[in-house]
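Source file data_35.txt; content: compact mmCIF, C-alpha atoms.
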# COMPACT_ATOMS: atom_id res chain seq x y z
CA MET A 1 20.59 13.92 -1.79
CA ALA A 2 22.87 10.86 -2.12
CA LEU A 3 21.61 7.71 -0.44
CA ALA A 4 24.71 7.26 1.76
CA GLN A 5 24.50 10.89 2.94
CA PHE A 6 20.78 10.48 3.61
CA LEU A 7 21.20 7.33 5.72
CA SER A 8 24.08 8.82 7.67
CA ARG A 9 21.61 11.21 9.33
CA GLY A 10 20.36 8.33 11.45
CA PRO A 11 17.22 6.28 12.08
CA TYR A 12 15.43 8.94 14.12
CA PHE A 13 15.66 11.36 11.21
CA LEU A 14 14.29 8.63 8.95
CA LYS A 15 11.38 7.93 11.30
CA SER A 16 10.36 11.59 11.28
CA LEU A 17 9.61 11.55 7.55
CA THR A 18 6.77 10.08 5.54
CA VAL A 19 7.42 7.58 2.79
CA THR A 20 6.40 10.18 0.21
CA SER A 21 8.83 12.80 1.55
CA LEU A 22 11.59 10.22 1.68
CA GLY A 23 11.05 9.38 -1.97
CA ARG A 24 10.90 13.07 -2.90
CA MET A 25 14.16 13.93 -1.10
CA LEU A 26 15.94 10.99 -2.70
CA LYS A 27 14.38 11.77 -6.07
CA THR A 28 13.19 8.17 -6.07
CA PRO A 29 9.68 6.93 -6.91
CA VAL A 30 7.68 6.03 -3.81
CA CYS A 31 7.26 2.47 -5.06
CA SER A 32 11.04 2.06 -5.46
CA TRP A 33 11.69 3.60 -2.02
CA ASN A 34 9.19 1.21 -0.42
CA ASN A 35 10.94 -1.73 -2.06
CA TYR A 36 14.22 -0.42 -0.66
CA LEU A 37 12.77 0.03 2.84
CA ARG A 38 11.75 -3.60 2.95
CA LYS A 39 15.33 -4.66 2.28
CA VAL A 40 17.61 -2.08 3.91
CA SER A 41 18.79 -2.36 7.54
CA VAL A 42 18.47 0.78 9.66
CA HIS A 43 17.88 -0.55 13.16
CA GLY A 44 20.88 -2.51 14.38
CA GLY A 45 20.94 -4.86 11.43
CA LYS A 46 17.22 -5.78 11.65
CA SER A 47 15.08 -5.43 8.55
CA ILE A 48 11.95 -3.28 8.58
CA SER A 49 8.72 -5.31 8.49
CA THR A 50 6.03 -3.93 6.20
CA LYS A 51 2.50 -5.30 5.82
CA ILE A 52 1.96 -6.41 2.22
CA VAL A 53 -1.29 -7.86 0.88
CA LEU A 54 -2.06 -9.69 -2.35
CA GLY A 55 -5.59 -8.86 -3.50
CA ILE A 56 -7.62 -11.00 -5.92
CA GLU A 57 -10.86 -9.85 -7.58
CA THR A 58 -13.25 -12.02 -9.64
CA SER A 59 -16.70 -10.80 -8.59
CA CYS A 60 -18.03 -10.22 -12.10
CA ASP A 61 -16.26 -10.09 -15.46
CA ASP A 62 -12.78 -8.73 -14.68
CA THR A 63 -9.93 -10.84 -13.34
CA GLY A 64 -7.78 -8.56 -11.19
CA ALA A 65 -4.83 -8.96 -8.86
CA ALA A 66 -2.55 -6.50 -7.08
CA VAL A 67 0.11 -6.30 -4.41
CA VAL A 68 -0.25 -3.28 -2.10
CA ASP A 69 1.65 -2.34 1.05
CA GLU A 70 0.51 -0.53 4.19
CA THR A 71 1.77 2.85 2.94
CA GLY A 72 -0.69 2.67 0.04
CA SER A 73 1.95 1.93 -2.58
CA ILE A 74 0.77 -0.25 -5.45
CA LEU A 75 3.77 -2.53 -5.89
CA GLY A 76 2.36 -4.61 -8.72
CA GLU A 77 -0.97 -5.11 -10.45
CA ALA A 78 -2.55 -6.93 -13.37
CA LEU A 79 -6.02 -7.02 -14.90
CA HIS A 80 -7.71 -9.09 -17.57
CA SER A 81 -10.87 -7.46 -18.89
CA GLN A 82 -13.63 -9.52 -20.51
CA THR A 83 -15.35 -6.45 -21.97
CA ASP A 84 -14.69 -7.28 -25.64
CA VAL A 85 -16.14 -10.77 -25.24
CA HIS A 86 -19.30 -9.62 -23.48
CA LEU A 87 -19.88 -6.74 -25.90
CA LYS A 88 -20.22 -9.30 -28.68
CA THR A 89 -22.77 -11.35 -26.74
CA GLY A 90 -24.81 -8.31 -25.64
CA GLY A 91 -24.20 -8.82 -21.93
CA ILE A 92 -22.40 -10.92 -19.35
CA ILE A 93 -23.07 -14.66 -19.61
CA PRO A 94 -22.02 -16.15 -16.22
CA PRO A 95 -20.62 -19.48 -17.54
CA VAL A 96 -18.54 -17.56 -20.09
CA ALA A 97 -17.24 -15.20 -17.41
CA GLN A 98 -16.41 -18.21 -15.23
CA GLN A 99 -14.43 -19.89 -18.00
CA LEU A 100 -12.44 -16.73 -18.74
CA HIS A 101 -11.61 -16.29 -15.05
CA GLN A 102 -10.46 -19.91 -14.92
CA GLU A 103 -8.21 -19.42 -17.95
CA ASN A 104 -6.61 -16.19 -16.73
CA ILE A 105 -6.45 -16.10 -12.93
CA ALA A 106 -3.12 -17.90 -12.46
CA ARG A 107 -1.43 -15.73 -15.08
CA ILE A 108 -2.85 -12.49 -13.66
CA VAL A 109 -1.87 -13.27 -10.07
CA GLN A 110 1.62 -14.40 -11.08
CA HIS A 111 2.08 -11.23 -13.14
CA ALA A 112 1.02 -8.97 -10.25
CA VAL A 113 3.36 -10.70 -7.79
CA SER A 114 6.25 -10.71 -10.26
CA ALA A 115 5.78 -7.00 -11.03
CA SER A 116 5.77 -6.17 -7.32
CA GLY A 117 9.34 -7.28 -6.79
CA VAL A 118 8.37 -9.33 -3.72
CA SER A 119 7.87 -13.04 -3.28
CA MET A 120 4.97 -14.92 -1.73
CA GLU A 121 7.18 -15.31 1.34
CA ASP A 122 7.14 -11.50 1.78
CA ILE A 123 3.35 -11.24 1.49
CA SER A 124 1.52 -10.88 4.81
CA ALA A 125 -1.92 -12.12 3.69
CA VAL A 126 -4.11 -12.87 0.70
CA ALA A 127 -7.37 -10.90 0.39
CA THR A 128 -10.09 -12.04 -2.00
CA THR A 129 -13.59 -10.93 -2.96
CA VAL A 130 -16.08 -13.46 -1.58
CA MET A 131 -19.28 -11.33 -1.71
CA PRO A 132 -21.41 -10.09 -3.45
CA GLY A 133 -21.17 -10.93 -7.16
CA LEU A 134 -21.79 -13.62 -9.76
CA ALA A 135 -21.63 -17.00 -8.04
CA LEU A 136 -19.65 -18.70 -10.80
CA SER A 137 -17.11 -15.87 -10.92
CA LEU A 138 -16.70 -15.62 -7.15
CA GLY A 139 -16.12 -19.36 -6.99
CA ILE A 140 -13.07 -19.21 -9.26
CA GLY A 141 -11.36 -16.50 -7.23
CA LEU A 142 -12.10 -18.17 -3.90
CA LYS A 143 -10.92 -21.62 -5.01
CA TYR A 144 -7.65 -20.27 -6.40
CA SER A 145 -7.03 -18.12 -3.31
CA LEU A 146 -7.63 -20.92 -0.84
CA GLU A 147 -5.21 -23.15 -2.70
CA LEU A 148 -2.67 -20.32 -2.63
CA VAL A 149 -2.93 -19.62 1.11
CA LYS A 150 -2.70 -23.32 1.93
CA LYS A 151 0.37 -23.77 -0.24
CA HIS A 152 2.22 -20.75 1.18
CA ARG A 153 0.71 -20.89 4.69
CA LYS A 154 -0.63 -17.36 4.60
CA PRO A 155 -3.64 -15.89 6.42
CA PHE A 156 -6.77 -15.29 4.35
CA ILE A 157 -8.89 -12.11 4.42
CA PRO A 158 -12.39 -12.32 2.86
CA ILE A 159 -13.53 -9.09 1.22
CA HIS A 160 -16.96 -7.54 0.66
CA HIS A 161 -16.77 -6.10 -2.85
CA MET A 162 -18.72 -2.94 -2.02
CA GLU A 163 -16.72 -2.25 1.13
CA ALA A 164 -13.59 -2.39 -1.01
CA HIS A 165 -15.06 0.17 -3.42
CA ALA A 166 -15.98 2.40 -0.47
CA LEU A 167 -12.52 2.32 1.12
CA THR A 168 -10.43 2.64 -2.06
CA VAL A 169 -10.45 6.41 -1.60
CA ARG A 170 -8.39 6.03 1.59
CA LEU A 171 -5.54 4.63 -0.50
CA THR A 172 -5.33 7.82 -2.55
CA ASP A 173 -6.66 10.50 -0.17
CA LEU A 174 -6.51 11.11 3.58
CA VAL A 175 -10.25 10.66 4.18
CA PRO A 176 -11.01 10.08 7.89
CA PHE A 177 -14.01 8.16 9.20
CA PRO A 178 -16.91 8.78 9.21
CA PHE A 179 -17.82 9.78 5.65
CA LEU A 180 -20.84 9.47 3.36
CA VAL A 181 -20.28 7.14 0.41
CA LEU A 182 -22.21 6.69 -2.81
CA LEU A 183 -21.41 3.46 -4.66
CA VAL A 184 -22.63 3.48 -8.26
CA SER A 185 -21.80 0.69 -10.68
CA GLY A 186 -23.20 -1.84 -13.13
CA GLY A 187 -24.44 -4.04 -10.31
CA HIS A 188 -25.09 -1.72 -7.38
CA CYS A 189 -26.32 1.68 -6.25
CA ILE A 190 -25.83 2.24 -2.53
CA LEU A 191 -25.74 5.15 -0.10
CA ALA A 192 -24.01 4.43 3.21
CA VAL A 193 -22.02 6.01 5.98
CA ALA A 194 -18.57 4.49 6.47
CA GLN A 195 -17.95 4.68 10.22
CA GLY A 196 -14.87 2.47 10.18
CA VAL A 197 -13.36 -0.57 8.53
CA SER A 198 -16.23 -3.05 8.04
CA ASP A 199 -18.54 -0.66 9.92
CA PHE A 200 -21.24 0.83 7.68
CA LEU A 201 -24.71 2.32 8.07
CA LEU A 202 -26.85 1.56 5.02
CA LEU A 203 -29.07 4.53 4.11
CA GLY A 204 -30.51 3.23 0.85
CA GLN A 205 -29.93 1.04 -2.18
CA THR A 206 -31.50 0.24 -5.53
CA LYS A 207 -34.76 -1.70 -5.49
CA ASP A 208 -34.21 -3.19 -8.94
CA ILE A 209 -31.44 -2.67 -11.48
CA ALA A 210 -28.30 -0.55 -11.04
CA PRO A 211 -27.50 2.64 -13.01
CA GLY A 212 -24.67 1.02 -14.96
CA ASP A 213 -26.97 -1.82 -15.96
CA MET A 214 -29.58 0.69 -17.09
CA LEU A 215 -27.06 2.55 -19.26
CA ASP A 216 -25.91 -0.72 -20.82
CA LYS A 217 -29.50 -1.64 -21.70
CA VAL A 218 -30.19 1.80 -23.19
CA ALA A 219 -26.99 1.59 -25.23
CA ARG A 220 -28.07 -1.79 -26.62
CA SER A 221 -31.53 -0.42 -27.46
CA LEU A 222 -29.85 2.44 -29.34
CA SER A 223 -27.50 -0.06 -31.09
CA LEU A 224 -24.55 2.08 -30.08
CA HIS A 225 -22.13 -0.77 -30.79
CA ASN A 226 -22.76 0.06 -34.47
CA HIS A 227 -22.22 3.81 -33.96
CA PRO A 228 -18.85 4.90 -35.45
CA GLU A 229 -17.91 6.93 -32.35
CA CYS A 230 -18.83 4.22 -29.86
CA SER A 231 -17.32 1.09 -31.33
CA GLY A 232 -15.69 -1.10 -28.67
CA MET A 233 -17.04 0.98 -25.78
CA THR A 234 -19.04 -0.30 -22.85
CA GLY A 235 -22.66 0.85 -22.77
CA GLY A 236 -22.08 3.47 -20.08
CA ARG A 237 -19.04 4.93 -21.84
CA ALA A 238 -20.92 5.02 -25.17
CA ILE A 239 -23.87 6.87 -23.60
CA GLU A 240 -21.52 9.40 -21.98
CA THR A 241 -19.66 9.98 -25.26
CA LEU A 242 -22.81 10.42 -27.35
CA ALA A 243 -24.55 12.56 -24.72
CA GLN A 244 -21.86 15.24 -25.11
CA GLN A 245 -23.29 15.98 -28.56
CA GLY A 246 -26.95 15.93 -27.53
CA ASN A 247 -29.53 18.29 -26.09
CA ILE A 248 -29.93 17.21 -22.48
CA LEU A 249 -33.42 18.73 -22.19
CA ARG A 250 -34.99 17.76 -25.53
CA TYR A 251 -36.70 14.70 -24.06
CA LYS A 252 -38.41 14.80 -20.67
CA PHE A 253 -38.25 11.53 -18.78
CA THR A 254 -39.83 10.93 -15.39
CA ILE A 255 -37.39 11.23 -12.50
CA PRO A 256 -37.95 8.05 -10.44
CA MET A 257 -39.43 7.91 -6.94
CA GLN A 258 -39.76 11.65 -6.32
CA ARG A 259 -42.81 11.15 -4.11
CA TYR A 260 -40.86 8.84 -1.77
CA ARG A 261 -38.80 10.68 0.83
CA ASP A 262 -36.12 8.06 1.35
CA CYS A 263 -32.74 7.16 -0.11
CA ALA A 264 -33.81 4.16 -2.18
CA PHE A 265 -33.12 4.07 -5.93
CA SER A 266 -35.00 2.61 -8.88
CA PHE A 267 -33.87 2.56 -12.52
CA ALA A 268 -36.00 -0.17 -14.14
CA GLY A 269 -38.98 2.10 -14.84
CA LEU A 270 -36.76 4.81 -16.29
CA GLN A 271 -35.05 2.28 -18.54
CA SER A 272 -38.45 1.06 -19.81
CA GLU A 273 -39.61 4.62 -20.49
CA ILE A 274 -36.45 5.41 -22.44
CA THR A 275 -36.72 2.18 -24.44
CA ARG A 276 -40.29 3.04 -25.47
CA LYS A 277 -39.13 6.45 -26.67
CA ILE A 278 -36.23 4.91 -28.60
CA SER A 279 -38.66 2.82 -30.67
CA LYS A 280 -40.29 6.04 -31.92
CA GLU A 281 -37.36 8.41 -32.27
CA GLU A 282 -34.14 8.64 -34.29
CA LYS A 283 -32.06 11.23 -32.41
CA ALA A 284 -29.66 8.99 -30.49
CA GLU A 285 -27.52 11.86 -29.16
CA ASP A 286 -30.46 13.64 -27.53
CA LEU A 287 -31.86 10.40 -26.11
CA ALA A 288 -28.47 9.52 -24.63
CA ALA A 289 -28.17 13.00 -23.11
CA ALA A 290 -31.67 12.90 -21.62
CA ALA A 291 -31.15 9.40 -20.23
CA LEU A 292 -27.88 10.38 -18.55
CA TYR A 293 -29.39 13.60 -17.19
CA THR A 294 -32.48 11.93 -15.69
CA MET A 295 -30.44 9.14 -14.14
CA THR A 296 -28.04 11.66 -12.62
CA VAL A 297 -30.82 13.84 -11.19
CA HIS A 298 -32.31 10.77 -9.50
CA ILE A 299 -28.93 9.83 -8.01
CA ALA A 300 -28.25 13.42 -6.90
CA GLU A 301 -31.66 13.84 -5.25
CA ARG A 302 -31.26 10.70 -3.14
CA THR A 303 -27.69 11.67 -2.26
CA HIS A 304 -28.90 15.15 -1.28
CA ARG A 305 -31.41 13.59 1.11
CA ALA A 306 -28.65 11.40 2.59
CA ILE A 307 -26.53 14.52 3.20
CA LEU A 308 -29.41 16.31 4.90
CA PHE A 309 -30.18 13.22 6.99
CA CYS A 310 -26.57 12.95 8.16
CA LYS A 311 -26.58 16.62 9.12
CA GLU A 312 -29.92 16.38 10.94
CA LYS A 313 -28.86 13.32 12.94
CA GLY A 314 -25.29 14.48 13.57
CA ILE A 315 -23.88 11.30 12.03
CA ILE A 316 -20.95 13.13 10.45
CA PRO A 317 -19.17 15.72 12.64
CA PRO A 318 -19.16 19.36 11.45
CA GLY A 319 -16.01 20.28 9.58
CA LYS A 320 -15.46 16.73 8.33
CA GLU A 321 -18.33 16.49 5.86
CA THR A 322 -17.06 14.33 3.01
CA LEU A 323 -18.94 12.64 0.17
CA VAL A 324 -17.02 9.78 -1.44
CA VAL A 325 -18.23 8.49 -4.80
CA SER A 326 -16.87 5.22 -6.16
CA GLY A 327 -17.79 2.34 -8.47
CA GLY A 328 -17.73 2.09 -12.26
CA VAL A 329 -20.35 4.82 -12.87
CA ALA A 330 -18.26 7.19 -10.72
CA SER A 331 -15.91 7.35 -13.72
CA ASN A 332 -18.64 9.21 -15.63
CA GLN A 333 -17.54 12.85 -15.77
CA TYR A 334 -21.08 14.25 -16.05
CA VAL A 335 -22.10 12.38 -12.91
CA ARG A 336 -19.00 13.71 -11.14
CA ARG A 337 -19.65 17.31 -12.17
CA SER A 338 -23.25 17.10 -11.01
CA LEU A 339 -22.29 15.66 -7.64
CA GLN A 340 -19.66 18.37 -7.30
CA LEU A 341 -22.46 20.95 -7.64
CA LEU A 342 -24.37 19.11 -4.92
CA ALA A 343 -21.33 18.96 -2.64
CA ASP A 344 -20.66 22.67 -3.12
CA ALA A 345 -24.29 23.53 -2.33
CA THR A 346 -24.24 21.53 0.91
CA ASN A 347 -20.71 22.38 2.09
CA PHE A 348 -19.50 18.83 1.62
CA THR A 349 -16.14 17.89 0.12
CA LEU A 350 -16.44 15.54 -2.84
CA VAL A 351 -13.67 12.96 -3.16
CA CYS A 352 -13.47 10.28 -5.86
CA PRO A 353 -10.78 7.69 -6.48
CA PRO A 354 -8.97 7.97 -9.83
CA PRO A 355 -11.20 6.61 -12.64
CA ARG A 356 -9.03 3.52 -13.12
CA LEU A 357 -9.61 2.56 -9.46
CA CYS A 358 -13.37 3.13 -9.66
CA THR A 359 -13.92 0.07 -11.83
CA ASP A 360 -13.32 -3.45 -10.48
CA ASN A 361 -9.64 -4.13 -9.83
CA GLY A 362 -7.26 -6.02 -7.59
CA VAL A 363 -5.87 -2.87 -5.98
CA MET A 364 -9.06 -2.09 -4.07
CA ILE A 365 -9.22 -5.66 -2.75
CA ALA A 366 -5.60 -5.59 -1.60
CA TRP A 367 -6.09 -2.19 0.06
CA ASN A 368 -9.21 -3.42 1.89
CA GLY A 369 -7.03 -6.29 3.07
CA ILE A 370 -4.45 -3.80 4.36
CA GLU A 371 -7.18 -1.89 6.20
CA LYS A 372 -8.45 -5.08 7.85
CA LEU A 373 -4.96 -6.28 8.66
CA SER A 374 -4.18 -2.94 10.32
CA VAL A 375 -7.14 -3.21 12.72
CA GLY A 376 -7.05 -6.99 13.13
CA LEU A 377 -10.38 -7.78 11.45
CA ASP A 378 -11.39 -10.91 9.50
CA ILE A 379 -7.98 -12.57 9.42
CA PHE A 380 -8.34 -16.35 9.08
CA TYR A 381 -5.78 -19.12 9.32
CA ASN A 382 -8.24 -22.01 9.04
CA VAL A 383 -9.86 -21.80 5.61
CA GLU A 384 -11.45 -25.23 5.29
CA HIS A 385 -15.08 -24.08 5.30
CA PHE A 386 -15.11 -20.80 3.40
CA ARG A 387 -18.01 -20.07 1.06
CA TYR A 388 -18.79 -17.23 -1.31
CA GLU A 389 -22.03 -15.23 -1.03
CA PRO A 390 -23.57 -13.91 -4.29
CA LYS A 391 -25.86 -11.61 -2.28
CA ALA A 392 -24.64 -9.82 0.82
CA PRO A 393 -25.85 -6.60 2.52
CA LEU A 394 -23.46 -3.79 3.36
CA GLY A 395 -23.50 -2.84 7.04
CA THR A 396 -26.44 -2.09 9.33
CA ASP A 397 -29.61 -1.10 7.49
CA ILE A 398 -31.08 2.17 8.84
CA SER A 399 -33.06 3.03 5.69
CA GLU A 400 -36.31 3.02 7.67
CA GLN A 401 -34.93 5.83 9.84
CA VAL A 402 -34.26 7.84 6.69
CA LYS A 403 -37.84 7.27 5.54
CA GLU A 404 -39.22 8.28 8.95
CA ALA A 405 -37.20 11.52 8.88
CA PHE A 406 -39.33 12.49 5.83
CA ILE A 407 -36.78 15.04 4.55
CA LYS A 408 -37.79 17.27 1.67
CA VAL A 409 -34.99 17.94 -0.81
CA PRO A 410 -34.76 21.45 -2.30
CA ALA A 411 -34.41 21.77 -6.08
CA LEU A 412 -30.91 21.82 -7.54
CA ASN A 413 -30.16 22.71 -11.17
CA LEU A 414 -28.02 19.97 -12.71
CA ALA A 415 -28.46 20.93 -16.35
CA VAL A 416 -24.69 21.40 -16.75
Rewrite the coordinates I just gave you, this time as structure tokens.
Amino acid sequence: MALAQFLSRGPYFLKSLTVTSLGRMLKTPVCSWNNYLRKVSVHGGKSISTKIVLGIETSCDDTGAAVVDETGSILGEALHSQTDVHLKTGGIIPPVAQQLHQENIARIVQHAVSASGVSMEDISAVATTVMPGLALSLGIGLKYSLELVKKHRKPFIPIHHMEAHALTVRLTDLVPFPFLVLLVSGGHCILAVAQGVSDFLLLGQTKDIAPGDMLDKVARSLSLHNHPECSGMTGGRAIETLAQQGNILRYKFTIPMQRYRDCAFSFAGLQSEITRKISKEEKAEDLAAAALYTMTVHIAERTHRAILFCKEKGIIPPGKETLVVSGGVASNQYVRRSLQLLADATNFTLVCPPPRLCTDNGVMIAWNGIEKLSVGLDIFYNVEHFRYEPKAPLGTDISEQVKEAFIKVPALNLAV
């Protein structure tokens, strides 16, 4: 359909369509159509006002920025990964991460804004990760953002990193509140119920290290950076790649915390057990497979208990049972397949963001900003006394209620 013919049908016809259907009828990408909507006049010569947020992420070792609008269109994004640097040093060194953020943040933000086709004048607010994360990394993002909002006189929206991971799925899928969310990454492992924007019930979290951290340590113990098939890969990706060639049941590792009927996680003991076995064995493929399997069973068992708890307490209405899985480890396809088996067995719908949005990025921060802007939460115009918080809980902790429910989890075969 020609643009002139399309517009001649009038503003009420336009209002009856979604942005996606508009783009499809015009054979125009949604991003391009959104850019057009911000400029074209359809209501008596007045331009359409669209909420647009610039998101900035520096919680750990990736410098990310993105411009996202209220329809969920990613107008522009940029990311600088520090992975290659930290692979050479055997782990993230906070002062090194800080320096790399400092060197790249201005370029990354400018690239994201330039790619979006909008100016800072068009942007409604700046959203930035301020908790939790590495203190030195968070500080760089916050300092740059506060200078930016002061210069351009924009409101500032502080973002909880884990909330952003949890809500990313609402950018790509129509997931209504409430939903159960599992956040699995290199720094966190959390089970929570998302009841609304910035409204979470915490069911359980890791007591020590996170699953991604455990996989990185196992990969280093196996010297996978020297393995021809794993060169240049992160530890988690290397384990996943090698595990595809191994026997998942050759080595029997202890599944953590099975005698505790709660939703807490623990991976430190498992990592130690695997490391002891590595010192005696040569078969890296089988060890990688067994490590991934045992970790996944532990995650699935705790998630299963969270599902049963939500059903028992009526926290999630019948017919809307959704399990969202996000965070860097959610990119692992074996973990996803196993959780799909769990979802199928419990009549839940499993929804995951695309793998590229599971890892740290500016898009999730910008989208969380859009969500907060839409409901009028955490929008600040006076930013003189903002601080970052390296440690910050997610929502209201009801983990003791889960423990008191004392729910037994039936066996589920995840040897897939």
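Proximity ranking of A:Thr63, A:Thr168, A:Thr89, A:Ser399 relative to A:Thr206 places A:Ser399 first, based on only C-alpha atoms.
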Please write as a list in words the list of polymer residues whose atoms come within 9 Å of (-20.8, 4.1, 4.8), counting all atoms listed in the file and keeping to the coordinates of the file.
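Here the neighbourhood of the point contains Glu163, Ala166, Pro178, Phe179, Leu180, Val181, Leu182, Leu191, Ala192, Val193, Ala194, Gln195, Gly196, Asp199, Phe200, Leu201, Leu202, Leu203, Leu394 and Gly395 of chain A.
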Please, which residues are within 8 Å of (0.2, -4.4, 1.5) by the file's coordinates, counting only C-alpha atoms, and could they come as a CSV table (one decimal) with C-alpha atoms, in the coordinates of the input?
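Final output, saved to result-v5.csv:
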chain,number,residue,atom,x,y,z
A,50,THR,CA,6.0,-3.9,6.2
A,51,LYS,CA,2.5,-5.3,5.8
A,52,ILE,CA,2.0,-6.4,2.2
A,53,VAL,CA,-1.3,-7.9,0.9
A,54,LEU,CA,-2.1,-9.7,-2.4
A,67,VAL,CA,0.1,-6.3,-4.4
A,68,VAL,CA,-0.2,-3.3,-2.1
A,69,ASP,CA,1.6,-2.3,1.0
A,70,GLU,CA,0.5,-0.5,4.2
A,71,THR,CA,1.8,2.8,2.9
A,72,GLY,CA,-0.7,2.7,0.0
A,73,SER,CA,2.0,1.9,-2.6
A,123,ILE,CA,3.4,-11.2,1.5
A,124,SER,CA,1.5,-10.9,4.8
A,366,ALA,CA,-5.6,-5.6,-1.6
A,367,TRP,CA,-6.1,-2.2,0.1
A,369,GLY,CA,-7.0,-6.3,3.1
A,370,ILE,CA,-4.4,-3.8,4.4
Residue nearest A:Leu270 among A:Ala284, A:Ala210, A:Ile316, A:Val113 (counting all atoms listed in the file)
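The answer is A:Ala210, which sits nearest to A:Leu270.
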Looking at A:Glu301, A:Glu389, A:Glu121, A:Glu371, which one is nearest to A:Lys408, with distances taken over only C-alpha atoms?
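Result for the nearest residue to A:Lys408: A:Glu301.
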Name all residues at most 7 Å from stretch 356-359 of chain A (count only C-alpha atoms; drop same-chain ones fewer than 5 positions away) and give them as a ChimeraX atom specification.
/A:326-328,330-331
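Closest approach to A:Asn332 among A:Arg276, A:Arg261, A:Arg237, A:His111 is made by A:Arg237 (distances from all atoms listed in the file).
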Set the distance at 9 Å and use all atoms listed in the file: which residues neighbour stretch 156-161 of chain A once local chain neighbours fewer than 6 positions away are removed? I'd like the list as a ChimeraX atom specification.
/A:57,59,125-133,142,145-146,149,198,360,364-365,368-369,372-373,377-383,386,392,394
Once you have the residues from the selection above, write them out as a PDB file, in the frame of the given file, restricted to C-alpha atoms.
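Okay, this is what ended up in out_24.pdb:
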ATOM      1  CA  GLU A  57     -10.860  -9.850  -7.580  1.00  0.00           C
ATOM      2  CA  SER A  59     -16.700 -10.800  -8.590  1.00  0.00           C
ATOM      3  CA  ALA A 125      -1.920 -12.120   3.690  1.00  0.00           C
ATOM      4  CA  VAL A 126      -4.110 -12.870   0.700  1.00  0.00           C
ATOM      5  CA  ALA A 127      -7.370 -10.900   0.390  1.00  0.00           C
ATOM      6  CA  THR A 128     -10.090 -12.040  -2.000  1.00  0.00           C
ATOM      7  CA  THR A 129     -13.590 -10.930  -2.960  1.00  0.00           C
ATOM      8  CA  VAL A 130     -16.080 -13.460  -1.580  1.00  0.00           C
ATOM      9  CA  MET A 131     -19.280 -11.330  -1.710  1.00  0.00           C
ATOM     10  CA  PRO A 132     -21.410 -10.090  -3.450  1.00  0.00           C
ATOM     11  CA  GLY A 133     -21.170 -10.930  -7.160  1.00  0.00           C
ATOM     12  CA  LEU A 142     -12.100 -18.170  -3.900  1.00  0.00           C
ATOM     13  CA  SER A 145      -7.030 -18.120  -3.310  1.00  0.00           C
ATOM     14  CA  LEU A 146      -7.630 -20.920  -0.840  1.00  0.00           C
ATOM     15  CA  VAL A 149      -2.930 -19.620   1.110  1.00  0.00           C
ATOM     16  CA  SER A 198     -16.230  -3.050   8.040  1.00  0.00           C
ATOM     17  CA  ASP A 360     -13.320  -3.450 -10.480  1.00  0.00           C
ATOM     18  CA  MET A 364      -9.060  -2.090  -4.070  1.00  0.00           C
ATOM     19  CA  ILE A 365      -9.220  -5.660  -2.750  1.00  0.00           C
ATOM     20  CA  ASN A 368      -9.210  -3.420   1.890  1.00  0.00           C
ATOM     21  CA  GLY A 369      -7.030  -6.290   3.070  1.00  0.00           C
ATOM     22  CA  LYS A 372      -8.450  -5.080   7.850  1.00  0.00           C
ATOM     23  CA  LEU A 373      -4.960  -6.280   8.660  1.00  0.00           C
ATOM     24  CA  LEU A 377     -10.380  -7.780  11.450  1.00  0.00           C
ATOM     25  CA  ASP A 378     -11.390 -10.910   9.500  1.00  0.00           C
ATOM     26  CA  ILE A 379      -7.980 -12.570   9.420  1.00  0.00           C
ATOM     27  CA  PHE A 380      -8.340 -16.350   9.080  1.00  0.00           C
ATOM     28  CA  TYR A 381      -5.780 -19.120   9.320  1.00  0.00           C
ATOM     29  CA  ASN A 382      -8.240 -22.010   9.040  1.00  0.00           C
ATOM     30  CA  VAL A 383      -9.860 -21.800   5.610  1.00  0.00           C
ATOM     31  CA  PHE A 386     -15.110 -20.800   3.400  1.00  0.00           C
ATOM     32  CA  ALA A 392     -24.640  -9.820   0.820  1.00  0.00           C
ATOM     33  CA  LEU A 394     -23.460  -3.790   3.360  1.00  0.00           C
TER      34      LEU A 394
END
Which polymer residues have any atom within 10 Å of an atom of stretch 410-414 of chain A, counting all atoms listed in the file, with same-chain residues fewer than 2 positions away left out, as a JSON list (two decimals) with C-alpha atoms, in the frame of the given file?
[["chain", "number", "residue", "atom", "x", "y", "z"],
["A", 293, "TYR", "CA", -29.39, 13.60, -17.19],
["A", 294, "THR", "CA", -32.48, 11.93, -15.69],
["A", 296, "THR", "CA", -28.04, 11.66, -12.62],
["A", 297, "VAL", "CA", -30.82, 13.84, -11.19],
["A", 300, "ALA", "CA", -28.25, 13.42, -6.90],
["A", 301, "GLU", "CA", -31.66, 13.84, -5.25],
["A", 304, "HIS", "CA", -28.90, 15.15, -1.28],
["A", 305, "ARG", "CA", -31.41, 13.59, 1.11],
["A", 334, "TYR", "CA", -21.08, 14.25, -16.05],
["A", 335, "VAL", "CA", -22.10, 12.38, -12.91],
["A", 337, "ARG", "CA", -19.65, 17.31, -12.17],
["A", 338, "SER", "CA", -23.25, 17.10, -11.01],
["A", 339, "LEU", "CA", -22.29, 15.66, -7.64],
["A", 341, "LEU", "CA", -22.46, 20.95, -7.64],
["A", 342, "LEU", "CA", -24.37, 19.11, -4.92],
["A", 345, "ALA", "CA", -24.29, 23.53, -2.33],
["A", 407, "ILE", "CA", -36.78, 15.04, 4.55],
["A", 408, "LYS", "CA", -37.79, 17.27, 1.67],
["A", 416, "VAL", "CA", -24.69, 21.40, -16.75]]
Report, in Å with one decimal, the straight-line distance from atom CA of A:Ala97 to atom CA of A:Gly139.
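Answer for the atom CA of A:Ala97 to atom CA of A:Gly139 separation: 11.3 Å.
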